[in-house]
$ cat upload.pdb   # PDB, N, CA and C atoms
ATOM      1  N   MET A 220      99.877 118.580 130.361
ATOM      2  CA  MET A 220      99.737 117.955 129.055
ATOM      3  C   MET A 220      99.992 119.008 127.966
ATOM      4  N   ILE A 221     100.767 118.632 126.988
ATOM      5  CA  ILE A 221     101.112 119.531 125.891
ATOM      6  C   ILE A 221     100.033 119.433 124.815
ATOM      7  N   PRO A 222      99.467 120.559 124.362
ATOM      8  CA  PRO A 222      98.430 120.508 123.329
ATOM      9  C   PRO A 222      98.997 120.058 121.973
ATOM     10  N   PHE A 223      98.144 119.428 121.168
ATOM     11  CA  PHE A 223      98.572 118.908 119.871
ATOM     12  C   PHE A 223      99.047 120.019 118.930
ATOM     13  N   GLU A 224      98.556 121.234 119.098
ATOM     14  CA  GLU A 224      98.989 122.347 118.237
ATOM     15  C   GLU A 224     100.458 122.705 118.483
ATOM     16  N   ASN A 225     101.055 122.168 119.532
ATOM     17  CA  ASN A 225     102.473 122.394 119.830
ATOM     18  C   ASN A 225     103.347 121.243 119.328
ATOM     19  N   THR A 226     102.838 120.458 118.398
ATOM     20  CA  THR A 226     103.609 119.334 117.862
ATOM     21  C   THR A 226     104.020 119.591 116.420
ATOM     22  N   TRP A 227     105.071 118.873 116.011
ATOM     23  CA  TRP A 227     105.484 118.928 114.619
ATOM     24  C   TRP A 227     105.993 117.559 114.216
ATOM     25  N   PRO A 228     105.505 117.010 113.081
ATOM     26  CA  PRO A 228     105.926 115.660 112.668
ATOM     27  C   PRO A 228     107.343 115.666 112.085
ATOM     28  N   TYR A 229     108.011 114.554 112.299
ATOM     29  CA  TYR A 229     109.347 114.369 111.737
ATOM     30  C   TYR A 229     109.456 112.957 111.181
ATOM     31  N   ASP A 230     110.446 112.734 110.354
ATOM     32  CA  ASP A 230     110.742 111.411 109.822
ATOM     33  C   ASP A 230     112.195 111.089 110.101
ATOM     34  N   LYS A 231     112.454 109.830 110.415
ATOM     35  CA  LYS A 231     113.822 109.356 110.611
ATOM     36  C   LYS A 231     114.135 108.409 109.458
ATOM     37  N   VAL A 232     115.140 108.771 108.661
ATOM     38  CA  VAL A 232     115.534 107.966 107.506
ATOM     39  C   VAL A 232     117.033 107.701 107.604
ATOM     40  N   MET A 233     117.389 106.443 107.765
ATOM     41  CA  MET A 233     118.806 106.049 107.841
ATOM     42  C   MET A 233     119.562 106.855 108.899
ATOM     43  N   GLY A 234     118.929 107.134 110.023
ATOM     44  CA  GLY A 234     119.570 107.860 111.111
ATOM     45  C   GLY A 234     119.478 109.373 111.017
ATOM     46  N   ASP A 235     118.992 109.899 109.901
ATOM     47  CA  ASP A 235     118.833 111.345 109.725
ATOM     48  C   ASP A 235     117.408 111.757 110.061
ATOM     49  N   ILE A 236     117.260 112.951 110.642
ATOM     50  CA  ILE A 236     115.948 113.486 111.001
ATOM     51  C   ILE A 236     115.547 114.544 109.979
ATOM     52  N   TYR A 237     114.379 114.354 109.374
ATOM     53  CA  TYR A 237     113.853 115.256 108.348
ATOM     54  C   TYR A 237     112.526 115.836 108.787
ATOM     55  N   PHE A 238     112.234 117.043 108.324
ATOM     56  CA  PHE A 238     110.896 117.623 108.392
ATOM     57  C   PHE A 238     110.392 117.734 106.963
ATOM     58  N   HIS A 239     109.129 117.395 106.733
ATOM     59  CA  HIS A 239     108.547 117.599 105.403
ATOM     60  C   HIS A 239     108.525 119.083 105.074
ATOM     61  N   THR A 240     108.212 119.902 106.084
ATOM     62  CA  THR A 240     108.157 121.356 105.928
ATOM     63  C   THR A 240     108.644 121.995 107.219
ATOM     64  N   CYS A 241     109.405 123.047 107.115
ATOM     65  CA  CYS A 241     109.847 123.793 108.288
ATOM     66  C   CYS A 241     108.646 124.543 108.873
ATOM     67  N   PRO A 242     108.406 124.437 110.189
ATOM     68  CA  PRO A 242     107.262 125.140 110.777
ATOM     69  C   PRO A 242     107.457 126.654 110.838
ATOM     70  N   TYR A 243     108.653 127.140 110.619
ATOM     71  CA  TYR A 243     108.939 128.568 110.742
ATOM     72  C   TYR A 243     108.985 129.281 109.388
ATOM     73  N   CYS A 244     109.724 128.727 108.423
ATOM     74  CA  CYS A 244     109.876 129.427 107.141
ATOM     75  C   CYS A 244     109.148 128.738 105.989
ATOM     76  N   GLY A 245     108.678 127.504 106.187
ATOM     77  CA  GLY A 245     107.916 126.814 105.159
ATOM     78  C   GLY A 245     108.744 126.063 104.127
ATOM     79  N   LYS A 246     110.061 126.018 104.281
ATOM     80  CA  LYS A 246     110.903 125.301 103.323
ATOM     81  C   LYS A 246     110.579 123.808 103.367
ATOM     82  N   ASP A 247     110.574 123.162 102.202
ATOM     83  CA  ASP A 247     110.256 121.740 102.098
ATOM     84  C   ASP A 247     111.497 120.875 102.280
ATOM     85  N   ASN A 248     111.277 119.646 102.766
ATOM     86  CA  ASN A 248     112.306 118.612 102.900
ATOM     87  C   ASN A 248     113.564 119.116 103.599
ATOM     88  N   VAL A 249     113.420 119.449 104.876
ATOM     89  CA  VAL A 249     114.519 120.005 105.659
ATOM     90  C   VAL A 249     115.245 118.880 106.392
ATOM     91  N   LEU A 250     116.538 118.735 106.109
ATOM     92  CA  LEU A 250     117.393 117.806 106.836
ATOM     93  C   LEU A 250     117.958 118.546 108.038
ATOM     94  N   THR A 251     117.643 118.074 109.245
ATOM     95  CA  THR A 251     118.133 118.739 110.447
ATOM     96  C   THR A 251     119.534 118.246 110.774
ATOM     97  N   HIS A 252     120.173 118.934 111.709
ATOM     98  CA  HIS A 252     121.504 118.541 112.174
ATOM     99  C   HIS A 252     121.412 117.749 113.478
ATOM    100  N   MET A 253     120.209 117.235 113.784
ATOM    101  CA  MET A 253     120.008 116.507 115.033
ATOM    102  C   MET A 253     120.769 115.180 115.002
ATOM    103  N   LYS A 254     121.515 114.939 116.058
ATOM    104  CA  LYS A 254     122.284 113.711 116.184
ATOM    105  C   LYS A 254     121.418 112.623 116.826
ATOM    106  N   PRO A 255     121.726 111.351 116.584
ATOM    107  CA  PRO A 255     120.925 110.267 117.176
ATOM    108  C   PRO A 255     120.819 110.355 118.699
ATOM    109  N   ARG A 256     121.886 110.771 119.356
ATOM    110  CA  ARG A 256     121.845 110.882 120.822
ATOM    111  C   ARG A 256     120.881 111.985 121.263
ATOM    112  N   GLU A 257     120.810 113.079 120.514
ATOM    113  CA  GLU A 257     119.867 114.149 120.838
ATOM    114  C   GLU A 257     118.427 113.666 120.684
ATOM    115  N   LEU A 258     118.177 112.870 119.648
ATOM    116  CA  LEU A 258     116.833 112.305 119.464
ATOM    117  C   LEU A 258     116.500 111.370 120.620
ATOM    118  N   GLU A 259     117.444 110.560 121.039
ATOM    119  CA  GLU A 259     117.213 109.671 122.183
ATOM    120  C   GLU A 259     116.875 110.462 123.436
ATOM    121  N   HIS A 260     117.587 111.566 123.670
ATOM    122  CA  HIS A 260     117.282 112.414 124.825
ATOM    123  C   HIS A 260     115.852 112.933 124.746
ATOM    124  N   ALA A 261     115.432 113.396 123.570
ATOM    125  CA  ALA A 261     114.064 113.901 123.402
ATOM    126  C   ALA A 261     113.044 112.782 123.635
ATOM    127  N   LEU A 262     113.331 111.594 123.136
ATOM    128  CA  LEU A 262     112.426 110.461 123.329
ATOM    129  C   LEU A 262     112.326 110.073 124.803
ATOM    130  N   GLU A 263     113.397 110.321 125.566
ATOM    131  CA  GLU A 263     113.398 110.028 127.003
ATOM    132  C   GLU A 263     112.745 111.141 127.818
ATOM    133  N   GLY A 264     112.355 112.242 127.163
ATOM    134  CA  GLY A 264     111.656 113.324 127.836
ATOM    135  C   GLY A 264     112.544 114.470 128.292
ATOM    136  N   PHE A 265     113.797 114.492 127.832
ATOM    137  CA  PHE A 265     114.690 115.600 128.170
ATOM    138  C   PHE A 265     114.497 116.751 127.186
ATOM    139  N   LYS A 266     114.514 117.961 127.714
ATOM    140  CA  LYS A 266     114.382 119.147 126.858
ATOM    141  C   LYS A 266     115.581 119.218 125.914
ATOM    142  N   THR A 267     115.298 119.411 124.623
ATOM    143  CA  THR A 267     116.324 119.421 123.584
ATOM    144  C   THR A 267     116.107 120.635 122.692
ATOM    145  N   ILE A 268     117.185 121.317 122.363
ATOM    146  CA  ILE A 268     117.120 122.483 121.478
ATOM    147  C   ILE A 268     117.534 122.050 120.069
ATOM    148  N   LEU A 269     116.748 122.454 119.081
ATOM    149  CA  LEU A 269     117.059 122.167 117.684
ATOM    150  C   LEU A 269     117.060 123.486 116.914
ATOM    151  N   ILE A 270     118.195 123.814 116.310
ATOM    152  CA  ILE A 270     118.293 125.007 115.465
ATOM    153  C   ILE A 270     118.019 124.567 114.031
ATOM    154  N   MET A 271     117.029 125.195 113.408
ATOM    155  CA  MET A 271     116.657 124.821 112.049
ATOM    156  C   MET A 271     117.735 125.299 111.071
ATOM    157  N   PRO A 272     118.231 124.423 110.207
ATOM    158  CA  PRO A 272     119.305 124.811 109.292
ATOM    159  C   PRO A 272     118.858 125.764 108.186
ATOM    160  N   CYS A 273     117.567 125.807 107.889
ATOM    161  CA  CYS A 273     117.073 126.636 106.787
ATOM    162  C   CYS A 273     116.904 128.100 107.186
ATOM    163  N   CYS A 274     116.427 128.352 108.401
ATOM    164  CA  CYS A 274     116.131 129.734 108.792
ATOM    165  C   CYS A 274     116.721 130.111 110.151
ATOM    166  N   HIS A 275     117.426 129.184 110.783
ATOM    167  CA  HIS A 275     118.100 129.391 112.068
ATOM    168  C   HIS A 275     117.145 129.686 113.221
ATOM    169  N   SER A 276     115.884 129.296 113.076
ATOM    170  CA  SER A 276     114.934 129.422 114.177
ATOM    171  C   SER A 276     115.230 128.342 115.209
ATOM    172  N   LYS A 277     114.889 128.624 116.458
ATOM    173  CA  LYS A 277     115.158 127.696 117.549
ATOM    174  C   LYS A 277     113.876 126.991 117.965
ATOM    175  N   MET A 278     113.895 125.654 117.912
ATOM    176  CA  MET A 278     112.774 124.845 118.369
ATOM    177  C   MET A 278     113.185 124.202 119.695
ATOM    178  N   THR A 279     112.376 124.394 120.724
ATOM    179  CA  THR A 279     112.616 123.769 122.014
ATOM    180  C   THR A 279     111.709 122.551 122.123
ATOM    181  N   ILE A 280     112.307 121.383 122.063
ATOM    182  CA  ILE A 280     111.565 120.128 122.112
ATOM    183  C   ILE A 280     111.481 119.688 123.571
ATOM    184  N   LEU A 281     110.266 119.569 124.084
ATOM    185  CA  LEU A 281     110.070 119.153 125.468
ATOM    186  C   LEU A 281     110.070 117.640 125.598
ATOM    187  N   GLU A 282     109.527 116.973 124.596
ATOM    188  CA  GLU A 282     109.532 115.515 124.526
ATOM    189  C   GLU A 282     109.254 115.099 123.101
ATOM    190  N   ALA A 283     109.411 113.818 122.840
ATOM    191  CA  ALA A 283     109.200 113.311 121.487
ATOM    192  C   ALA A 283     108.588 111.915 121.567
ATOM    193  N   ASP A 284     107.928 111.536 120.497
ATOM    194  CA  ASP A 284     107.510 110.150 120.322
ATOM    195  C   ASP A 284     108.018 109.714 118.953
ATOM    196  N   SER A 285     107.569 108.603 118.455
ATOM    197  CA  SER A 285     108.113 108.088 117.202
ATOM    198  C   SER A 285     107.679 108.883 115.973
ATOM    199  N   ASP A 286     106.720 109.801 116.125
ATOM    200  CA  ASP A 286     106.208 110.571 114.992
ATOM    201  C   ASP A 286     106.306 112.087 115.148
ATOM    202  N   TYR A 287     106.250 112.573 116.387
ATOM    203  CA  TYR A 287     106.127 114.016 116.622
ATOM    204  C   TYR A 287     107.138 114.520 117.645
ATOM    205  N   PHE A 288     107.540 115.780 117.456
ATOM    206  CA  PHE A 288     108.224 116.531 118.491
ATOM    207  C   PHE A 288     107.167 117.365 119.195
ATOM    208  N   TRP A 289     107.183 117.359 120.516
ATOM    209  CA  TRP A 289     106.254 118.120 121.344
ATOM    210  C   TRP A 289     107.036 119.301 121.882
ATOM    211  N   THR A 290     106.606 120.526 121.540
ATOM    212  CA  THR A 290     107.391 121.729 121.830
ATOM    213  C   THR A 290     106.682 122.632 122.840
ATOM    214  N   ASN A 291     107.356 123.724 123.179
ATOM    215  CA  ASN A 291     106.790 124.689 124.124
ATOM    216  C   ASN A 291     106.085 125.839 123.414
ATOM    217  N   GLU A 292     105.908 125.745 122.094
ATOM    218  CA  GLU A 292     105.264 126.828 121.352
ATOM    219  C   GLU A 292     104.263 126.270 120.342
ATOM    220  N   LYS A 293     103.297 127.082 119.996
ATOM    221  CA  LYS A 293     102.278 126.699 119.021
ATOM    222  C   LYS A 293     102.893 126.698 117.619
ATOM    223  N   LEU A 294     102.867 125.553 116.967
ATOM    224  CA  LEU A 294     103.428 125.422 115.624
ATOM    225  C   LEU A 294     102.362 125.222 114.557
ATOM    226  N   ARG A 295     101.172 124.840 114.979
ATOM    227  CA  ARG A 295     100.069 124.616 114.041
ATOM    228  C   ARG A 295      99.020 125.705 114.205
ATOM    229  N   LYS A 296      98.289 125.958 113.113
ATOM    230  CA  LYS A 296      97.234 126.975 113.156
ATOM    231  C   LYS A 296      95.911 126.347 113.484
TER
END

$ encode --input "upload.pdb" --output "structure tokens"
Amino acid sequence: MIPFENTWPYDKVMGDIYFHTCPYCGKDNVLTHMKPRELEHALEGFKTILIMPCCHSKMTILEADSDYFWTNEKLRK
């Protein structure tokens, strides 16, 4: 089981994936380059890599639900 501190919320708006805040650099309203098929893979439980466009940090998504990405690293304090 993945701990909740390894999650990060996202929003899907008109097919685009947004973060309110980047978990790495703190930039607000980050539009990711994630494609709909990549999101579907994450929702199906496939490991997905997301490179943040603001700071080029790498997020490894282990699974996803309709609100959160579940990762392999602690993102919350």

$ closest_residue --input "upload.pdb" --among "A:Thr226, A:Pro255, A:Gly245, A:His239" --to "Ala283 of chain A" --atoms "only C-alpha atoms"
A:Thr226

$ atom_distance --input "upload.pdb" --atom1 "atom C of Lys296 of chain A" --atom2 "atom N of Ile280 of chain A"
19.2 Å

$ resolve_selection --input "upload.pdb" --expression "the PyMOL selection byres (((chain A and resi 289 and name CA) around 8) and name CA)" --output "ChimeraX atom specification"
/A:221,223,225-227,280-283,287-288,290-291

$ atom_distance --input "upload.pdb" --atom1 "atom N of Gly234 of chain A" --atom2 "atom CA of Glu259 of chain A"
12.5 Å

$ axis_aligned_box --input "upload.pdb" --around "segment 263-280 of chain A" --padding-each-side "5 Å" --output "JSON"
{"center_x": 115.4, "center_y": 120.1, "center_z": 117.5, "size_x": 17.8, "size_y": 30.1, "size_z": 31.5}

$ atom_distance --input "upload.pdb" --atom1 "atom CA of Ile268 of chain A" --atom2 "atom N of Arg256 of chain A"
12.8 Å

$ closest_residue --input "upload.pdb" --among "A:Asp230, A:Ser285, A:Lys293, A:Pro222" --to "Leu262 of chain A" --atoms "all atoms listed in the file"
A:Ser285

$ select_by_dssp --input "upload.pdb" --residues "chain A" --states "strand (DSSP E)" --output "ChimeraX atom specification"
/A:226-228,230-232,235-240,247-250,267-270,277-283,287-290

$ decode --input "upload.pdb" --residues "segment 220-236 of chain A" --atoms "all heavy atoms" --output "PDB file, in the first residue's frame"
ATOM      1  N   MET A 220       0.845  -1.185   0.000  1.00  0.00           N
ATOM      2  CA  MET A 220       0.000   0.000   0.000  1.00  0.00           C
ATOM      3  C   MET A 220       0.892   1.251   0.000  1.00  0.00           C
ATOM      4  O   MET A 220       1.855   1.347   0.746  1.00  0.00           O
ATOM      5  CB  MET A 220      -0.909  -0.020   1.217  1.00  0.00           C
ATOM      6  CG  MET A 220      -1.777   1.192   1.314  1.00  0.00           C
ATOM      7  SD  MET A 220      -2.867   1.074   2.738  1.00  0.00           S
ATOM      8  CE  MET A 220      -4.348   1.614   1.989  1.00  0.00           C
ATOM      9  N   ILE A 221       0.546   2.190  -0.835  1.00  0.00           N
ATOM     10  CA  ILE A 221       1.310   3.428  -0.958  1.00  0.00           C
ATOM     11  C   ILE A 221       0.797   4.428   0.075  1.00  0.00           C
ATOM     12  O   ILE A 221      -0.403   4.663   0.161  1.00  0.00           O
ATOM     13  CB  ILE A 221       1.161   4.012  -2.379  1.00  0.00           C
ATOM     14  CG1 ILE A 221       1.638   3.003  -3.414  1.00  0.00           C
ATOM     15  CG2 ILE A 221       1.932   5.321  -2.513  1.00  0.00           C
ATOM     16  CD1 ILE A 221       1.315   3.373  -4.838  1.00  0.00           C
ATOM     17  N   PRO A 222       1.678   5.027   0.888  1.00  0.00           N
ATOM     18  CA  PRO A 222       1.228   5.994   1.891  1.00  0.00           C
ATOM     19  C   PRO A 222       0.702   7.286   1.243  1.00  0.00           C
ATOM     20  O   PRO A 222       1.138   7.673   0.162  1.00  0.00           O
ATOM     21  CB  PRO A 222       2.473   6.266   2.731  1.00  0.00           C
ATOM     22  CG  PRO A 222       3.623   5.828   1.916  1.00  0.00           C
ATOM     23  CD  PRO A 222       3.131   4.811   0.940  1.00  0.00           C
ATOM     24  N   PHE A 223      -0.225   7.946   1.934  1.00  0.00           N
ATOM     25  CA  PHE A 223      -0.840   9.162   1.406  1.00  0.00           C
ATOM     26  C   PHE A 223       0.182  10.285   1.204  1.00  0.00           C
ATOM     27  O   PHE A 223       0.002  11.132   0.341  1.00  0.00           O
ATOM     28  CB  PHE A 223      -1.974   9.638   2.322  1.00  0.00           C
ATOM     29  CG  PHE A 223      -2.772  10.759   1.726  1.00  0.00           C
ATOM     30  CD1 PHE A 223      -3.621  10.527   0.661  1.00  0.00           C
ATOM     31  CD2 PHE A 223      -2.662  12.050   2.213  1.00  0.00           C
ATOM     32  CE1 PHE A 223      -4.357  11.564   0.089  1.00  0.00           C
ATOM     33  CE2 PHE A 223      -3.382  13.084   1.660  1.00  0.00           C
ATOM     34  CZ  PHE A 223      -4.239  12.841   0.596  1.00  0.00           C
ATOM     35  N   GLU A 224       1.266  10.289   1.959  1.00  0.00           N
ATOM     36  CA  GLU A 224       2.293  11.331   1.797  1.00  0.00           C
ATOM     37  C   GLU A 224       3.008  11.207   0.448  1.00  0.00           C
ATOM     38  O   GLU A 224       3.729  12.115   0.044  1.00  0.00           O
ATOM     39  CB  GLU A 224       3.285  11.291   2.954  1.00  0.00           C
ATOM     40  CG  GLU A 224       4.049  10.008   3.067  1.00  0.00           C
ATOM     41  CD  GLU A 224       4.780   9.871   4.396  1.00  0.00           C
ATOM     42  OE1 GLU A 224       4.535  10.655   5.316  1.00  0.00           O
ATOM     43  OE2 GLU A 224       5.608   8.954   4.476  1.00  0.00           O
ATOM     44  N   ASN A 225       2.796  10.114  -0.262  1.00  0.00           N
ATOM     45  CA  ASN A 225       3.381   9.916  -1.592  1.00  0.00           C
ATOM     46  C   ASN A 225       2.391  10.268  -2.703  1.00  0.00           C
ATOM     47  O   ASN A 225       2.557   9.837  -3.838  1.00  0.00           O
ATOM     48  CB  ASN A 225       3.814   8.464  -1.772  1.00  0.00           C
ATOM     49  CG  ASN A 225       5.027   8.104  -0.952  1.00  0.00           C
ATOM     50  OD1 ASN A 225       5.341   8.764   0.022  1.00  0.00           O
ATOM     51  ND2 ASN A 225       5.707   7.062  -1.334  1.00  0.00           N
ATOM     52  N   THR A 226       1.371  11.041  -2.383  1.00  0.00           N
ATOM     53  CA  THR A 226       0.378  11.426  -3.387  1.00  0.00           C
ATOM     54  C   THR A 226       0.483  12.907  -3.720  1.00  0.00           C
ATOM     55  O   THR A 226       1.005  13.698  -2.926  1.00  0.00           O
ATOM     56  CB  THR A 226      -1.052  11.163  -2.886  1.00  0.00           C
ATOM     57  OG1 THR A 226      -1.336  12.014  -1.766  1.00  0.00           O
ATOM     58  CG2 THR A 226      -1.240   9.716  -2.507  1.00  0.00           C
ATOM     59  N   TRP A 227      -0.036  13.243  -4.906  1.00  0.00           N
ATOM     60  CA  TRP A 227      -0.116  14.643  -5.287  1.00  0.00           C
ATOM     61  C   TRP A 227      -1.382  14.847  -6.094  1.00  0.00           C
ATOM     62  O   TRP A 227      -1.649  14.103  -7.035  1.00  0.00           O
ATOM     63  CB  TRP A 227       1.110  15.070  -6.099  1.00  0.00           C
ATOM     64  CG  TRP A 227       1.293  16.547  -6.080  1.00  0.00           C
ATOM     65  CD1 TRP A 227       1.021  17.428  -7.078  1.00  0.00           C
ATOM     66  CD2 TRP A 227       1.734  17.334  -4.970  1.00  0.00           C
ATOM     67  NE1 TRP A 227       1.278  18.709  -6.667  1.00  0.00           N
ATOM     68  CE2 TRP A 227       1.726  18.672  -5.369  1.00  0.00           C
ATOM     69  CE3 TRP A 227       2.138  17.023  -3.677  1.00  0.00           C
ATOM     70  CZ2 TRP A 227       2.099  19.710  -4.529  1.00  0.00           C
ATOM     71  CZ3 TRP A 227       2.510  18.061  -2.847  1.00  0.00           C
ATOM     72  CH2 TRP A 227       2.498  19.378  -3.265  1.00  0.00           C
ATOM     73  N   PRO A 228      -2.204  15.861  -5.739  1.00  0.00           N
ATOM     74  CA  PRO A 228      -3.473  16.074  -6.455  1.00  0.00           C
ATOM     75  C   PRO A 228      -3.243  16.711  -7.830  1.00  0.00           C
ATOM     76  O   PRO A 228      -2.311  17.476  -8.036  1.00  0.00           O
ATOM     77  CB  PRO A 228      -4.232  17.037  -5.531  1.00  0.00           C
ATOM     78  CG  PRO A 228      -3.161  17.760  -4.777  1.00  0.00           C
ATOM     79  CD  PRO A 228      -2.030  16.788  -4.626  1.00  0.00           C
ATOM     80  N   TYR A 229      -4.126  16.353  -8.736  1.00  0.00           N
ATOM     81  CA  TYR A 229      -4.094  16.936 -10.076  1.00  0.00           C
ATOM     82  C   TYR A 229      -5.516  17.268 -10.502  1.00  0.00           C
ATOM     83  O   TYR A 229      -6.485  16.770  -9.920  1.00  0.00           O
ATOM     84  CB  TYR A 229      -3.438  15.980 -11.079  1.00  0.00           C
ATOM     85  CG  TYR A 229      -4.279  14.773 -11.433  1.00  0.00           C
ATOM     86  CD1 TYR A 229      -5.127  14.800 -12.535  1.00  0.00           C
ATOM     87  CD2 TYR A 229      -4.244  13.607 -10.675  1.00  0.00           C
ATOM     88  CE1 TYR A 229      -5.910  13.698 -12.876  1.00  0.00           C
ATOM     89  CE2 TYR A 229      -5.013  12.519 -10.999  1.00  0.00           C
ATOM     90  CZ  TYR A 229      -5.843  12.562 -12.104  1.00  0.00           C
ATOM     91  OH  TYR A 229      -6.620  11.480 -12.427  1.00  0.00           O
ATOM     92  N   ASP A 230      -5.642  18.092 -11.512  1.00  0.00           N
ATOM     93  CA  ASP A 230      -6.933  18.421 -12.101  1.00  0.00           C
ATOM     94  C   ASP A 230      -6.869  18.158 -13.590  1.00  0.00           C
ATOM     95  O   ASP A 230      -5.852  18.406 -14.237  1.00  0.00           O
ATOM     96  CB  ASP A 230      -7.285  19.902 -11.888  1.00  0.00           C
ATOM     97  CG  ASP A 230      -7.717  20.194 -10.467  1.00  0.00           C
ATOM     98  OD1 ASP A 230      -8.442  19.363  -9.891  1.00  0.00           O
ATOM     99  OD2 ASP A 230      -7.322  21.242  -9.933  1.00  0.00           O
ATOM    100  N   LYS A 231      -7.970  17.661 -14.133  1.00  0.00           N
ATOM    101  CA  LYS A 231      -8.085  17.453 -15.574  1.00  0.00           C
ATOM    102  C   LYS A 231      -9.111  18.455 -16.090  1.00  0.00           C
ATOM    103  O   LYS A 231     -10.263  18.436 -15.674  1.00  0.00           O
ATOM    104  CB  LYS A 231      -8.525  16.023 -15.864  1.00  0.00           C
ATOM    105  CG  LYS A 231      -8.596  15.712 -17.329  1.00  0.00           C
ATOM    106  CD  LYS A 231      -8.963  14.254 -17.545  1.00  0.00           C
ATOM    107  CE  LYS A 231      -9.074  13.978 -19.022  1.00  0.00           C
ATOM    108  NZ  LYS A 231      -9.521  12.598 -19.270  1.00  0.00           N
ATOM    109  N   VAL A 232      -8.667  19.341 -16.980  1.00  0.00           N
ATOM    110  CA  VAL A 232      -9.539  20.371 -17.541  1.00  0.00           C
ATOM    111  C   VAL A 232      -9.440  20.297 -19.061  1.00  0.00           C
ATOM    112  O   VAL A 232      -8.366  20.528 -19.624  1.00  0.00           O
ATOM    113  CB  VAL A 232      -9.124  21.783 -17.047  1.00  0.00           C
ATOM    114  CG1 VAL A 232     -10.014  22.850 -17.658  1.00  0.00           C
ATOM    115  CG2 VAL A 232      -9.142  21.862 -15.538  1.00  0.00           C
ATOM    116  N   MET A 233     -10.542  19.956 -19.697  1.00  0.00           N
ATOM    117  CA  MET A 233     -10.588  19.880 -21.168  1.00  0.00           C
ATOM    118  C   MET A 233      -9.472  18.994 -21.724  1.00  0.00           C
ATOM    119  O   MET A 233      -8.858  19.315 -22.731  1.00  0.00           O
ATOM    120  CB  MET A 233     -10.512  21.274 -21.773  1.00  0.00           C
ATOM    121  CG  MET A 233     -11.547  22.256 -21.301  1.00  0.00           C
ATOM    122  SD  MET A 233     -13.089  22.204 -22.186  1.00  0.00           S
ATOM    123  CE  MET A 233     -12.600  22.617 -23.818  1.00  0.00           C
ATOM    124  N   GLY A 234      -9.164  17.903 -21.051  1.00  0.00           N
ATOM    125  CA  GLY A 234      -8.146  16.970 -21.515  1.00  0.00           C
ATOM    126  C   GLY A 234      -6.728  17.296 -21.078  1.00  0.00           C
ATOM    127  O   GLY A 234      -5.820  16.510 -21.306  1.00  0.00           O
ATOM    128  N   ASP A 235      -6.514  18.459 -20.478  1.00  0.00           N
ATOM    129  CA  ASP A 235      -5.189  18.853 -19.990  1.00  0.00           C
ATOM    130  C   ASP A 235      -5.059  18.525 -18.511  1.00  0.00           C
ATOM    131  O   ASP A 235      -6.012  18.648 -17.754  1.00  0.00           O
ATOM    132  CB  ASP A 235      -4.945  20.345 -20.201  1.00  0.00           C
ATOM    133  CG  ASP A 235      -4.858  20.738 -21.661  1.00  0.00           C
ATOM    134  OD1 ASP A 235      -4.390  19.911 -22.475  1.00  0.00           O
ATOM    135  OD2 ASP A 235      -5.249  21.874 -21.990  1.00  0.00           O
ATOM    136  N   ILE A 236      -3.851  18.133 -18.096  1.00  0.00           N
ATOM    137  CA  ILE A 236      -3.575  17.807 -16.699  1.00  0.00           C
ATOM    138  C   ILE A 236      -2.815  18.964 -16.061  1.00  0.00           C
ATOM    139  O   ILE A 236      -1.774  19.381 -16.562  1.00  0.00           O
ATOM    140  CB  ILE A 236      -2.739  16.518 -16.582  1.00  0.00           C
ATOM    141  CG1 ILE A 236      -3.420  15.363 -17.313  1.00  0.00           C
ATOM    142  CG2 ILE A 236      -2.470  16.163 -15.123  1.00  0.00           C
ATOM    143  CD1 ILE A 236      -4.796  15.021 -16.800  1.00  0.00           C
TER     144      ILE A 236
END
